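Shown next: data.txt, containing compact mmCIF, C-alpha atoms and all ligand atoms.
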```
# COMPACT_ATOMS: atom_id res chain seq x y z
CA MET A 1 94.01 -72.41 -86.35
CA LYS A 2 95.21 -71.18 -89.79
CA THR A 3 93.12 -71.56 -92.93
CA VAL A 4 94.86 -72.65 -96.13
CA THR A 5 94.09 -72.61 -99.86
CA ILE A 6 96.19 -74.91 -102.05
CA LEU A 7 96.36 -74.00 -105.73
CA GLY A 8 97.66 -77.02 -107.67
CA SER A 9 96.72 -79.49 -104.89
CA THR A 10 96.93 -82.56 -107.17
CA GLY A 11 100.55 -81.88 -108.22
CA SER A 12 103.81 -82.85 -106.58
CA ILE A 13 103.99 -79.75 -104.33
CA GLY A 14 100.25 -79.83 -103.64
CA THR A 15 100.38 -83.47 -102.54
CA ASN A 16 103.41 -82.83 -100.33
CA THR A 17 101.65 -79.82 -98.77
CA LEU A 18 98.63 -81.93 -97.85
CA ALA A 19 100.96 -84.58 -96.39
CA VAL A 20 102.48 -81.93 -94.09
CA LEU A 21 99.07 -80.50 -93.16
CA ALA A 22 97.82 -83.99 -92.29
CA LEU A 23 100.48 -84.11 -89.53
CA HIS A 24 99.04 -80.97 -87.89
CA PRO A 25 95.23 -81.10 -87.99
CA GLU A 26 95.01 -79.00 -84.84
CA GLN A 27 96.89 -76.10 -86.48
CA PHE A 28 95.51 -75.92 -90.03
CA ARG A 29 92.20 -76.18 -91.83
CA VAL A 30 91.91 -76.50 -95.62
CA PHE A 31 89.66 -73.83 -97.14
CA ALA A 32 90.05 -74.66 -100.84
CA LEU A 33 91.82 -77.14 -103.11
CA ALA A 34 92.34 -76.34 -106.79
CA ALA A 35 93.46 -78.48 -109.73
CA HIS A 36 93.20 -78.33 -113.51
CA SER A 37 91.77 -81.64 -114.73
CA ASN A 38 92.69 -84.44 -112.30
CA ALA A 39 89.16 -84.87 -110.90
CA ASP A 40 89.80 -88.30 -109.35
CA LYS A 41 92.68 -87.11 -107.21
CA LEU A 42 90.82 -83.95 -106.23
CA PHE A 43 87.82 -86.09 -105.27
CA ALA A 44 89.95 -88.21 -102.94
CA GLN A 45 91.56 -85.08 -101.44
CA CYS A 46 88.12 -83.51 -100.82
CA LEU A 47 86.90 -86.62 -99.00
CA GLU A 48 89.98 -86.58 -96.78
CA PHE A 49 90.32 -82.83 -96.07
CA ARG A 50 86.70 -81.64 -96.54
CA PRO A 51 87.53 -78.15 -97.84
CA ASN A 52 84.82 -75.47 -98.26
CA TYR A 53 85.66 -75.24 -101.97
CA ALA A 54 87.29 -77.24 -104.74
CA VAL A 55 88.17 -75.80 -108.15
CA LEU A 56 88.57 -77.52 -111.52
CA GLY A 57 89.38 -76.05 -114.95
CA SER A 58 86.17 -76.85 -116.80
CA ALA A 59 82.53 -76.34 -115.76
CA GLN A 60 81.60 -79.83 -116.96
CA ALA A 61 84.28 -81.52 -114.88
CA ALA A 62 83.32 -79.38 -111.88
CA SER A 63 79.66 -80.36 -112.10
CA SER A 64 80.44 -84.05 -112.34
CA LEU A 65 82.81 -83.80 -109.34
CA GLN A 66 80.08 -81.98 -107.42
CA GLN A 67 77.70 -84.88 -107.97
CA ARG A 68 80.25 -87.44 -106.84
CA LEU A 69 80.96 -85.45 -103.67
CA ARG A 70 77.26 -85.03 -102.89
CA ALA A 71 76.79 -88.78 -103.19
CA GLU A 72 79.46 -89.14 -100.46
CA HIS A 73 77.79 -86.43 -98.31
CA CYS A 74 80.89 -84.25 -98.64
CA PRO A 75 79.95 -80.57 -98.08
CA THR A 76 82.57 -79.16 -100.51
CA GLU A 77 81.24 -76.75 -103.16
CA VAL A 78 82.94 -77.20 -106.56
CA LEU A 79 83.76 -74.14 -108.69
CA SER A 80 85.40 -73.83 -112.09
CA GLY A 81 87.54 -71.51 -114.19
CA PRO A 82 90.41 -69.05 -113.66
CA ARG A 83 88.23 -66.50 -111.85
CA ALA A 84 87.43 -69.14 -109.22
CA LEU A 85 91.17 -69.59 -108.60
CA ASP A 86 91.50 -65.87 -107.84
CA ASP A 87 88.45 -66.02 -105.56
CA VAL A 88 89.63 -68.93 -103.42
CA ALA A 89 93.09 -67.30 -103.19
CA ALA A 90 91.70 -63.96 -102.03
CA ALA A 91 88.74 -65.08 -99.86
CA PRO A 92 88.62 -63.25 -96.50
CA GLU A 93 88.61 -66.53 -94.53
CA VAL A 94 92.05 -67.53 -95.91
CA ASP A 95 95.36 -66.94 -94.08
CA LEU A 96 97.83 -68.89 -96.22
CA VAL A 97 97.87 -69.57 -99.96
CA MET A 98 100.12 -72.29 -101.36
CA ALA A 99 100.72 -71.24 -104.99
CA ALA A 100 101.68 -74.55 -106.64
CA ILE A 101 100.15 -74.33 -110.10
CA VAL A 102 102.74 -74.98 -112.80
CA GLY A 103 103.64 -72.22 -115.26
CA ALA A 104 102.40 -68.71 -115.98
CA ALA A 105 98.84 -70.05 -115.50
CA GLY A 106 99.49 -69.51 -111.78
CA LEU A 107 100.21 -65.78 -112.04
CA SER A 108 96.70 -64.37 -111.73
CA ALA A 109 95.90 -66.28 -108.52
CA SER A 110 99.33 -65.42 -107.02
CA LEU A 111 98.57 -61.74 -107.68
CA ALA A 112 95.07 -62.09 -106.21
CA ALA A 113 96.49 -63.62 -103.00
CA ALA A 114 99.15 -60.90 -102.79
CA ARG A 115 96.65 -58.06 -103.29
CA ALA A 116 94.41 -59.55 -100.61
CA GLY A 117 97.26 -59.46 -98.06
CA LYS A 118 97.66 -63.22 -97.65
CA ARG A 119 100.81 -65.05 -96.70
CA LEU A 120 101.81 -66.31 -100.15
CA LEU A 121 103.77 -69.57 -100.08
CA LEU A 122 105.26 -69.37 -103.54
CA ALA A 123 106.26 -72.56 -105.33
CA ASN A 124 105.07 -71.22 -108.70
CA LYS A 125 108.38 -69.51 -109.58
CA GLU A 126 107.00 -68.62 -113.02
CA SER A 127 104.80 -65.94 -111.34
CA LEU A 128 107.91 -64.05 -110.26
CA VAL A 129 109.74 -64.65 -113.53
CA VAL A 130 106.87 -63.30 -115.63
CA ALA A 131 105.83 -60.36 -113.43
CA GLY A 132 108.29 -59.99 -110.54
CA ASP A 133 107.87 -56.24 -110.05
CA LEU A 134 104.07 -56.42 -110.23
CA LEU A 135 103.88 -59.30 -107.76
CA LEU A 136 106.14 -57.46 -105.28
CA GLN A 137 104.02 -54.30 -105.68
CA ALA A 138 100.84 -56.30 -105.07
CA LEU A 139 102.39 -57.75 -101.90
CA ALA A 140 103.38 -54.31 -100.65
CA GLN A 141 99.88 -52.95 -101.37
CA GLY A 142 98.12 -55.92 -99.77
CA GLY A 143 100.38 -55.90 -96.70
CA GLY A 144 100.89 -59.67 -96.70
CA ASP A 145 104.17 -61.52 -97.11
CA LEU A 146 105.83 -64.02 -99.40
CA ILE A 147 107.70 -67.10 -98.28
CA PRO A 148 109.50 -68.95 -101.06
CA ILE A 149 108.88 -72.70 -101.26
CA ASP A 150 111.53 -73.40 -103.90
CA SER A 151 114.13 -75.21 -101.79
CA GLU A 152 117.04 -72.97 -102.87
CA HIS A 153 115.18 -69.76 -102.07
CA SER A 154 113.88 -71.14 -98.80
CA ALA A 155 117.52 -71.93 -97.96
CA ILE A 156 118.66 -68.42 -98.89
CA GLN A 157 115.88 -66.86 -96.83
CA GLN A 158 116.89 -69.03 -93.85
CA SER A 159 120.54 -68.01 -94.30
CA LEU A 160 119.98 -64.25 -94.63
CA PRO A 161 119.74 -61.88 -91.63
CA ASP A 162 116.17 -61.44 -90.31
CA ASP A 163 116.63 -57.70 -90.70
CA ARG A 164 116.05 -57.10 -94.44
CA SER A 165 117.74 -53.72 -94.33
CA ARG A 166 121.07 -55.54 -93.66
CA TRP A 167 120.92 -57.66 -96.81
CA GLN A 168 122.74 -55.34 -99.20
CA ALA A 169 125.20 -54.09 -96.58
CA ASP A 170 126.26 -57.49 -95.24
CA VAL A 171 125.99 -59.87 -98.18
CA ARG A 172 128.64 -60.30 -100.87
CA ASN A 173 126.64 -62.74 -102.98
CA ILE A 174 124.27 -65.69 -102.89
CA VAL A 175 125.00 -69.15 -104.25
CA LEU A 176 122.18 -71.26 -105.64
CA THR A 177 123.03 -74.94 -105.70
CA ALA A 178 121.88 -77.21 -108.53
CA SER A 179 121.99 -80.98 -108.68
CA GLY A 180 122.91 -80.92 -112.37
CA GLY A 181 119.91 -83.17 -113.11
CA PRO A 182 120.06 -86.48 -114.95
CA PHE A 183 122.53 -85.29 -117.63
CA ARG A 184 125.25 -83.78 -115.45
CA GLN A 185 127.85 -86.15 -116.82
CA ARG A 186 126.36 -86.93 -120.21
CA ALA A 187 128.40 -85.86 -123.25
CA ALA A 188 126.88 -82.67 -124.69
CA HIS A 189 126.78 -84.06 -128.26
CA THR A 190 124.50 -86.95 -127.17
CA LEU A 191 121.87 -84.71 -125.58
CA GLN A 192 119.82 -84.29 -128.71
CA ALA A 193 118.79 -87.95 -128.54
CA VAL A 194 117.44 -88.01 -124.97
CA THR A 195 113.80 -89.01 -124.42
CA PRO A 196 111.17 -87.38 -122.16
CA THR A 197 111.37 -90.39 -119.83
CA GLU A 198 115.14 -89.96 -119.44
CA ALA A 199 114.77 -86.20 -118.93
CA CYS A 200 112.12 -86.68 -116.23
CA ALA A 201 114.21 -89.22 -114.27
CA HIS A 202 115.72 -86.80 -111.76
CA PRO A 203 118.41 -88.39 -109.57
CA ASN A 204 117.42 -86.68 -106.28
CA TRP A 205 113.98 -85.06 -106.47
CA SER A 206 110.56 -86.41 -107.44
CA MET A 207 108.69 -83.57 -109.18
CA GLY A 208 106.14 -82.69 -111.89
CA ALA A 209 107.06 -83.24 -115.55
CA LYS A 210 107.66 -79.59 -116.50
CA ILE A 211 110.08 -78.78 -113.68
CA SER A 212 111.83 -82.13 -114.21
CA VAL A 213 112.61 -81.22 -117.83
CA ASP A 214 113.62 -77.73 -116.65
CA SER A 215 116.07 -79.38 -114.24
CA ALA A 216 117.52 -81.51 -117.03
CA THR A 217 118.15 -78.43 -119.24
CA MET A 218 119.04 -76.32 -116.18
CA MET A 219 116.38 -73.83 -117.27
CA ASN A 220 114.99 -74.48 -113.80
CA LYS A 221 118.12 -72.89 -112.36
CA ALA A 222 117.85 -70.06 -114.91
CA LEU A 223 114.29 -69.36 -113.70
CA GLU A 224 115.55 -69.58 -110.11
CA VAL A 225 118.26 -66.97 -110.79
CA ILE A 226 115.50 -64.59 -111.91
CA GLU A 227 113.37 -65.61 -108.92
CA ALA A 228 116.29 -64.85 -106.55
CA HIS A 229 116.85 -61.46 -108.17
CA TYR A 230 113.28 -60.41 -107.33
CA LEU A 231 113.00 -62.10 -103.94
CA PHE A 232 116.26 -60.89 -102.46
CA GLY A 233 117.00 -57.76 -104.51
CA MET A 234 120.34 -59.22 -105.68
CA ARG A 235 121.98 -57.89 -108.84
CA PRO A 236 122.74 -60.53 -111.50
CA GLU A 237 126.46 -60.42 -110.65
CA GLN A 238 125.61 -61.22 -107.00
CA ILE A 239 123.94 -64.51 -107.98
CA GLU A 240 126.15 -67.55 -108.49
CA VAL A 241 125.18 -71.10 -109.45
CA LEU A 242 127.15 -74.12 -108.25
CA ILE A 243 126.55 -77.77 -109.12
CA HIS A 244 126.18 -79.91 -106.00
CA PRO A 245 125.15 -83.43 -107.04
CA GLN A 246 124.04 -84.65 -103.59
CA SER A 247 121.35 -81.89 -103.15
CA ILE A 248 122.06 -81.64 -99.41
CA VAL A 249 123.26 -78.00 -99.24
CA HIS A 250 120.15 -76.27 -100.56
CA SER A 251 121.88 -72.91 -101.14
CA MET A 252 124.16 -70.47 -99.32
CA VAL A 253 124.94 -66.85 -98.58
CA ASN A 254 128.47 -65.41 -98.73
CA TYR A 255 129.03 -62.57 -96.27
CA HIS A 256 131.62 -59.77 -96.54
CA ASP A 257 133.51 -61.10 -93.50
CA GLY A 258 134.18 -64.41 -95.25
CA SER A 259 131.43 -66.37 -93.48
CA VAL A 260 129.25 -68.67 -95.53
CA ILE A 261 125.82 -69.52 -94.09
CA ALA A 262 123.93 -72.38 -95.71
CA GLN A 263 120.84 -74.46 -95.05
CA LEU A 264 121.19 -78.24 -95.27
CA GLY A 265 118.64 -81.04 -95.32
CA GLN A 266 117.47 -84.10 -97.18
CA PRO A 267 116.19 -83.37 -100.70
CA ASP A 268 112.56 -83.46 -99.59
CA MET A 269 110.12 -80.64 -100.40
CA ARG A 270 108.19 -81.25 -97.18
CA THR A 271 110.95 -79.34 -95.32
CA PRO A 272 110.60 -75.98 -97.17
CA ILE A 273 106.80 -76.47 -97.27
CA ALA A 274 106.64 -76.93 -93.47
CA TYR A 275 108.98 -73.94 -93.01
CA GLY A 276 106.61 -71.76 -95.06
CA LEU A 277 103.49 -73.00 -93.29
CA SER A 278 104.82 -72.54 -89.75
CA TYR A 279 107.17 -69.52 -90.19
CA PRO A 280 108.60 -68.11 -87.96
CA ALA A 281 108.12 -71.22 -85.79
CA ARG A 282 109.30 -74.70 -86.88
CA MET A 283 107.19 -77.82 -86.99
CA ALA A 284 107.60 -81.46 -88.01
CA SER A 285 107.45 -82.05 -91.79
CA GLY A 286 107.69 -85.83 -92.07
CA ALA A 287 110.96 -85.51 -94.03
CA PRO A 288 113.73 -87.94 -92.99
CA TRP A 289 116.60 -86.67 -90.82
CA LEU A 290 119.87 -85.74 -92.46
CA ASP A 291 122.65 -88.13 -91.47
CA LEU A 292 125.84 -86.50 -92.74
CA ALA A 293 128.03 -89.47 -91.81
CA ARG A 294 125.90 -91.58 -94.12
CA VAL A 295 126.00 -88.98 -96.91
CA GLY A 296 129.80 -89.05 -96.46
CA ARG A 297 130.84 -86.37 -98.94
CA LEU A 298 129.53 -83.17 -100.44
CA ASP A 299 130.83 -82.24 -103.91
CA PHE A 300 130.71 -78.95 -105.76
CA GLU A 301 131.65 -77.96 -109.32
CA GLN A 302 131.05 -75.19 -111.83
CA PRO A 303 128.18 -75.74 -114.29
CA ASP A 304 129.38 -76.66 -117.78
CA PRO A 305 128.13 -73.98 -120.25
CA GLN A 306 128.33 -76.44 -123.19
CA ARG A 307 126.01 -78.94 -121.54
CA PHE A 308 123.77 -76.32 -119.94
CA PRO A 309 123.63 -73.30 -122.29
CA GLY A 310 120.20 -72.30 -120.93
CA LEU A 311 121.61 -71.01 -117.64
CA ALA A 312 123.24 -67.99 -119.32
CA LEU A 313 119.86 -66.91 -120.73
CA ALA A 314 118.69 -65.85 -117.26
CA PHE A 315 121.58 -63.42 -116.87
CA GLU A 316 120.97 -62.13 -120.40
CA ALA A 317 117.24 -61.65 -119.74
CA LEU A 318 117.94 -59.79 -116.48
CA ARG A 319 120.07 -57.26 -118.38
CA MET A 320 117.26 -56.62 -120.90
CA PRO A 321 114.00 -54.65 -120.37
CA VAL A 322 111.65 -56.36 -117.84
CA GLY A 323 109.46 -58.23 -120.35
CA ALA A 324 112.48 -60.31 -121.43
CA CYS A 325 112.03 -62.69 -118.50
CA ALA A 326 108.37 -63.20 -119.51
CA VAL A 327 109.49 -63.97 -123.08
CA LEU A 328 112.03 -66.51 -121.84
CA ASN A 329 109.42 -68.17 -119.64
CA ALA A 330 106.72 -68.36 -122.34
CA ALA A 331 109.17 -69.74 -124.93
CA ASN A 332 110.36 -72.33 -122.44
CA GLU A 333 106.84 -73.45 -121.45
CA VAL A 334 105.92 -74.04 -125.09
CA ALA A 335 109.23 -75.75 -125.89
CA VAL A 336 109.10 -78.06 -122.86
CA ASP A 337 105.52 -79.05 -123.66
CA ALA A 338 106.51 -79.79 -127.28
CA PHE A 339 109.46 -81.89 -126.07
CA LEU A 340 107.24 -83.83 -123.64
CA HIS A 341 104.90 -84.56 -126.57
CA GLN A 342 107.90 -85.66 -128.66
CA ARG A 343 107.44 -82.92 -131.24
CA ILE A 344 110.95 -81.50 -130.86
CA ARG A 345 114.30 -82.76 -129.60
CA PHE A 346 115.68 -82.03 -126.14
CA THR A 347 118.31 -79.63 -127.54
CA ASP A 348 115.64 -77.75 -129.52
CA ILE A 349 114.30 -76.41 -126.21
CA HIS A 350 117.39 -74.25 -125.88
CA ARG A 351 117.31 -73.24 -129.54
CA ILE A 352 113.75 -71.95 -129.19
CA ASN A 353 114.47 -70.17 -125.91
CA ALA A 354 117.64 -68.51 -127.23
CA ASP A 355 116.06 -67.46 -130.56
CA LEU A 356 112.98 -65.96 -128.97
CA LEU A 357 114.96 -64.13 -126.32
CA ALA A 358 117.30 -62.71 -128.98
CA SER A 359 114.37 -61.36 -131.02
CA ALA A 360 112.28 -60.20 -128.02
CA GLN A 361 110.58 -56.82 -128.46
CA CYS A 362 109.79 -56.06 -124.87
CA ALA A 363 110.73 -52.43 -124.19
CA GLY A 364 108.01 -50.75 -122.10
CA CYS A 365 106.20 -54.03 -121.31
CA ASP A 366 105.80 -53.35 -117.61
CA SER A 367 102.02 -53.42 -117.11
CA LEU A 368 100.08 -56.64 -116.55
CA GLU A 369 98.21 -56.14 -119.83
CA ALA A 370 101.43 -55.60 -121.81
CA LEU A 371 103.03 -58.66 -120.20
CA ALA A 372 99.96 -60.78 -120.95
CA GLU A 373 100.08 -59.68 -124.59
CA LEU A 374 103.79 -60.40 -124.77
CA ASP A 375 103.16 -63.85 -123.29
CA VAL A 376 100.51 -64.67 -125.92
CA HIS A 377 102.65 -63.31 -128.77
CA THR A 378 105.72 -65.26 -127.63
CA ARG A 379 103.73 -68.51 -127.33
CA LEU A 380 102.55 -68.10 -130.93
CA GLN A 381 106.10 -67.48 -132.14
CA ALA A 382 107.35 -70.45 -130.14
CA GLN A 383 104.63 -72.68 -131.64
CA GLN A 384 105.83 -71.64 -135.10
CA ARG A 385 109.40 -72.56 -134.21
CA VAL A 386 108.16 -75.90 -132.86
CA ALA A 387 106.36 -76.56 -136.15
CA GLN A 388 109.57 -75.81 -138.08
CA LEU A 389 111.68 -78.03 -135.84
CA SER A 390 109.27 -80.96 -135.51
CA PRO A 391 110.00 -83.99 -137.71
CA SER A 392 107.14 -83.15 -140.14
CA GLY A 393 108.31 -79.50 -140.34
CA ARG A 394 111.89 -80.65 -141.04
CA GLY A 395 110.57 -82.62 -144.01
P1 LIG A 401 102.85 -80.73 -111.14
O1 LIG A 401 102.84 -80.81 -112.61
O2 LIG A 401 103.13 -81.94 -110.33
O3 LIG A 401 101.45 -80.13 -110.64
C1 LIG A 401 100.89 -78.98 -111.21
C2 LIG A 401 99.60 -78.63 -110.51
O4 LIG A 401 99.04 -77.47 -111.15
C3 LIG A 401 98.53 -79.73 -110.63
O5 LIG A 401 97.71 -79.69 -109.48
C4 LIG A 401 97.73 -79.30 -111.86
O6 LIG A 401 96.41 -79.81 -111.88
C5 LIG A 401 97.73 -77.79 -111.65
N1 LIG A 401 97.55 -77.03 -112.88
C6 LIG A 401 98.22 -77.17 -114.04
N2 LIG A 401 97.78 -76.26 -114.95
C7 LIG A 401 96.79 -75.56 -114.35
C8 LIG A 401 95.93 -74.52 -114.75
N3 LIG A 401 95.98 -74.00 -115.99
N4 LIG A 401 95.02 -74.04 -113.86
C9 LIG A 401 94.94 -74.56 -112.62
N5 LIG A 401 95.74 -75.55 -112.17
C10 LIG A 401 96.64 -76.04 -113.02
O7 LIG A 401 103.88 -79.56 -110.76
P2 LIG A 401 104.81 -79.42 -109.47
O8 LIG A 401 104.02 -79.62 -108.23
O9 LIG A 401 106.06 -80.18 -109.68
O10 LIG A 401 105.21 -77.87 -109.59
C11 LIG A 401 104.30 -76.83 -109.26
C12 LIG A 401 105.07 -75.51 -109.20
O11 LIG A 401 106.02 -75.59 -108.14
C13 LIG A 401 105.89 -75.21 -110.47
O12 LIG A 401 105.88 -73.83 -110.69
C14 LIG A 401 107.29 -75.68 -110.10
O13 LIG A 401 108.29 -74.98 -110.79
C15 LIG A 401 107.33 -75.35 -108.62
N6 LIG A 401 108.27 -76.16 -107.84
C16 LIG A 401 108.11 -77.52 -107.78
C17 LIG A 401 109.00 -78.30 -107.07
C18 LIG A 401 108.79 -79.77 -106.91
O14 LIG A 401 109.53 -80.41 -106.16
N7 LIG A 401 107.85 -80.39 -107.58
C19 LIG A 401 110.18 -77.69 -106.40
C20 LIG A 401 110.24 -76.26 -106.52
C21 LIG A 401 109.31 -75.53 -107.22
P3 LIG A 401 96.10 -81.27 -112.61
O15 LIG A 401 96.76 -82.29 -111.74
O16 LIG A 401 94.62 -81.34 -112.59
O17 LIG A 401 96.70 -81.15 -113.97
MG MG A 402 114.38 -75.34 -106.79
```
File written out as structure tokens:
Amino acid sequence: MKTVTILGSTGSIGTNTLAVLALHPEQFRVFALAAHSNADKLFAQCLEFRPNYAVLGSAQAASSLQQRLRAEHCPTEVLSGPRALDDVAAAPEVDLVMAAIVGAAGLSASLAAARAGKRLLLANKESLVVAGDLLLQALAQGGGDLIPIDSEHSAIQQSLPDDRSRWQADVRNIVLTASGGPFRQRAAHTLQAVTPTEACAHPNWSMGAKISVDSATMMNKALEVIEAHYLFGMRPEQIEVLIHPQSIVHSMVNYHDGSVIAQLGQPDMRTPIAYGLSYPARMASGAPWLDLARVGRLDFEQPDPQRFPGLALAFEALRMPVGACAVLNAANEVAVDAFLHQRIRFTDIHRINADLLASAQCAGCDSLEALAELDVHTRLQAQQRVAQLSPSGRG
């Protein structure tokens, strides 16, 4: 019986994780569930899974949830605040930590799980983008391991040799596939008019709002390029991105002998989640079977740099001092939030990201404190750019 903490349990990945766990009650027990503010959903999850702990962002919300749970005779103890996230990630009883908080807010708990030697199931790609070296160091110190949940990185891991020492010798490059999102065929000059609802309407995947916008700008793929660099030790020139609209081939590895090994499946996050939970064994995920005859054809094309200028920023950031990736991530989080609140246009997201990366002062920012300061500073700068670009700022 394995014990699991789910950080971000009320989100898209969190909900899918609980759906997989519900299929295997004899193998897994939920130790803690953590959310930010969605108390109603967390309440329902606590009644169903009866974890030892639940975590909410504010003390007030936590105390009111505690009362509701007591009234239902649910034994769960409710905690609050960022420190509580670290505690439920690092608790000695826990074997597996699903890191599915969105954004850099997930970093501290990812680090806590890594330091404590847990198996870290990492959906929160922003943790690696902001502090890749530090997270890998924490994993090495803690003696645990990391299994990527991002479908592309799960696919790459499944397509690489088990023996890590062969990776550089055998592999020519890795290819991350990208669906191209909702605007793959939309004329670049019309992109400035798109609405948050249009940007969040992903053709193949159902996901949280932030990652859906990232998929529409292809900043999601940019973050995934950085994620792949840290996870697999690939140099930027060994990482290729290919548009594959059907989202069936989740990514592939090109070997020196000309072989290409890929992982295929339906676009359903329950598959990489189940892989991470049961690794190295396999277990049922609830995802539908892949019927290739029904899919019929698999298409591939190069990403269009006019439509998706954000992708190049990842390669730029990887050639700069380490803090550059943290700058890109912070700028993007602020810009996406401003777009979702209709304060800036869709195309302004890229403007803000590109401007802030170009002016980044990040030499020597390799400690956690320096990265945290850089993150705060970049968010302030990005807010100023948002104010200039928002309709009231434009005058
Ligand atoms: P959602 O927006 O659906 O969910 C985010 C979760 O994080 C919610 O449980 C939310 O709680 C919680 N949360 C948000 N902010 C905080 C905070 N400050 N402190 C604690 N908890 C917080 O996101 P997704 O599930 O789509 O994505 C989660 C992560 O997984 C992201 O990093 C994303 O890039 C990655 N990912 C997602 C995929 C997907 O298919 N969705 C695929 C690959 C990667 P509340 O509900 O209370 O706000
Ligand atoms: Mg992905």
Exercise. Rank A:Val20, A:Leu146, A:Met219, A:Leu111 by their smallest atom-to-atom distance to ligand MG 402 (chain A), using all atoms listed in the file, and report the top residue only.
Key: A:Met219
Please identify every residue of chain A that has at least one atom no farther than 6 Å from an atom of ligand LIG 401 (chain A), counting all atoms listed in the file, and for each give the shortest atom pair and the distance in Å to one decimal, arranged by chain then increasing number, as a Markdown table.
```
| residue | atom | partner | partner_atom | distance |
| --- | --- | --- | --- | --- |
| A:Gly8 | CA | A:LIG401 | O5 | 3.2 |
| A:Ser9 | CA | A:LIG401 | O5 | 4.7 |
| A:Thr10 | CA | A:LIG401 | O5 | 3.8 |
| A:Gly11 | CA | A:LIG401 | O3 | 3.1 |
| A:Ser12 | CA | A:LIG401 | O8 | 3.6 |
| A:Ile13 | CA | A:LIG401 | O8 | 3.9 |
| A:Gly14 | CA | A:LIG401 | O8 | 5.9 |
| A:Ala35 | CA | A:LIG401 | O6 | 3.9 |
| A:His36 | CA | A:LIG401 | O16 | 3.5 |
| A:Ser37 | CA | A:LIG401 | O16 | 3.6 |
| A:Asn38 | CA | A:LIG401 | O16 | 3.7 |
| A:Ala100 | CA | A:LIG401 | C11 | 4.4 |
| A:Ile101 | CA | A:LIG401 | O4 | 3.5 |
| A:Val102 | CA | A:LIG401 | C13 | 3.9 |
| A:Gly103 | CA | A:LIG401 | O12 | 5.3 |
| A:Ala105 | CA | A:LIG401 | N3 | 4.9 |
| A:Ala123 | CA | A:LIG401 | O11 | 4.1 |
| A:Asn124 | CA | A:LIG401 | O12 | 3.4 |
| A:Lys125 | CA | A:LIG401 | O12 | 5.1 |
| A:Glu126 | CA | A:LIG401 | O12 | 5.8 |
| A:Asp150 | CA | A:LIG401 | C20 | 4.1 |
| A:Met207 | CA | A:LIG401 | N7 | 3.7 |
| A:Gly208 | CA | A:LIG401 | O9 | 3.3 |
| A:Ala209 | CA | A:LIG401 | O1 | 5.7 |
| A:Ile211 | CA | A:LIG401 | O13 | 5.1 |
| A:Met269 | CA | A:LIG401 | O14 | 5.8 |
```
Quiz item: Restricting the calculation to only C-alpha atoms, which member of A:Ile352, A:Val94, A:Cys365, A:Ala284 is positioned closest to Gln383 in chain A?
Solution: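 Under the stated criterion, the closest residue is A:Ile352.
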Quiz item: How would you write, as a ChimeraX atom specification, the set of residues no farther than 12 Å from ligand MG 402 (chain A) when counting all atoms listed in the file?
Solution: /A:13,122-126,148-156,176-181,204-207,211-212,214-215,218-228,241,247,249-251,267-269,272
Go ahead and save the picked residues with C-alpha atoms, as a short mmCIF file (atom, residue, chain, number, x, y, z; two decimals), in the frame of the given file.
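Output contents, as saved in part-v1.cif:
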```cif
data_model
loop_
_atom_site.label_atom_id
_atom_site.label_comp_id
_atom_site.auth_asym_id
_atom_site.auth_seq_id
_atom_site.Cartn_x
_atom_site.Cartn_y
_atom_site.Cartn_z
CA ILE A 13 103.99 -79.75 -104.33
CA LEU A 122 105.26 -69.37 -103.54
CA ALA A 123 106.26 -72.56 -105.33
CA ASN A 124 105.07 -71.22 -108.70
CA LYS A 125 108.38 -69.51 -109.58
CA GLU A 126 107.00 -68.62 -113.02
CA PRO A 148 109.50 -68.95 -101.06
CA ILE A 149 108.88 -72.70 -101.26
CA ASP A 150 111.53 -73.40 -103.90
CA SER A 151 114.13 -75.21 -101.79
CA GLU A 152 117.04 -72.97 -102.87
CA HIS A 153 115.18 -69.76 -102.07
CA SER A 154 113.88 -71.14 -98.80
CA ALA A 155 117.52 -71.93 -97.96
CA ILE A 156 118.66 -68.42 -98.89
CA LEU A 176 122.18 -71.26 -105.64
CA THR A 177 123.03 -74.94 -105.70
CA ALA A 178 121.88 -77.21 -108.53
CA SER A 179 121.99 -80.98 -108.68
CA GLY A 180 122.91 -80.92 -112.37
CA GLY A 181 119.91 -83.17 -113.11
CA ASN A 204 117.42 -86.68 -106.28
CA TRP A 205 113.98 -85.06 -106.47
CA SER A 206 110.56 -86.41 -107.44
CA MET A 207 108.69 -83.57 -109.18
CA ILE A 211 110.08 -78.78 -113.68
CA SER A 212 111.83 -82.13 -114.21
CA ASP A 214 113.62 -77.73 -116.65
CA SER A 215 116.07 -79.38 -114.24
CA MET A 218 119.04 -76.32 -116.18
CA MET A 219 116.38 -73.83 -117.27
CA ASN A 220 114.99 -74.48 -113.80
CA LYS A 221 118.12 -72.89 -112.36
CA ALA A 222 117.85 -70.06 -114.91
CA LEU A 223 114.29 -69.36 -113.70
CA GLU A 224 115.55 -69.58 -110.11
CA VAL A 225 118.26 -66.97 -110.79
CA ILE A 226 115.50 -64.59 -111.91
CA GLU A 227 113.37 -65.61 -108.92
CA ALA A 228 116.29 -64.85 -106.55
CA VAL A 241 125.18 -71.10 -109.45
CA SER A 247 121.35 -81.89 -103.15
CA VAL A 249 123.26 -78.00 -99.24
CA HIS A 250 120.15 -76.27 -100.56
CA SER A 251 121.88 -72.91 -101.14
CA PRO A 267 116.19 -83.37 -100.70
CA ASP A 268 112.56 -83.46 -99.59
CA MET A 269 110.12 -80.64 -100.40
CA PRO A 272 110.60 -75.98 -97.17
#
```
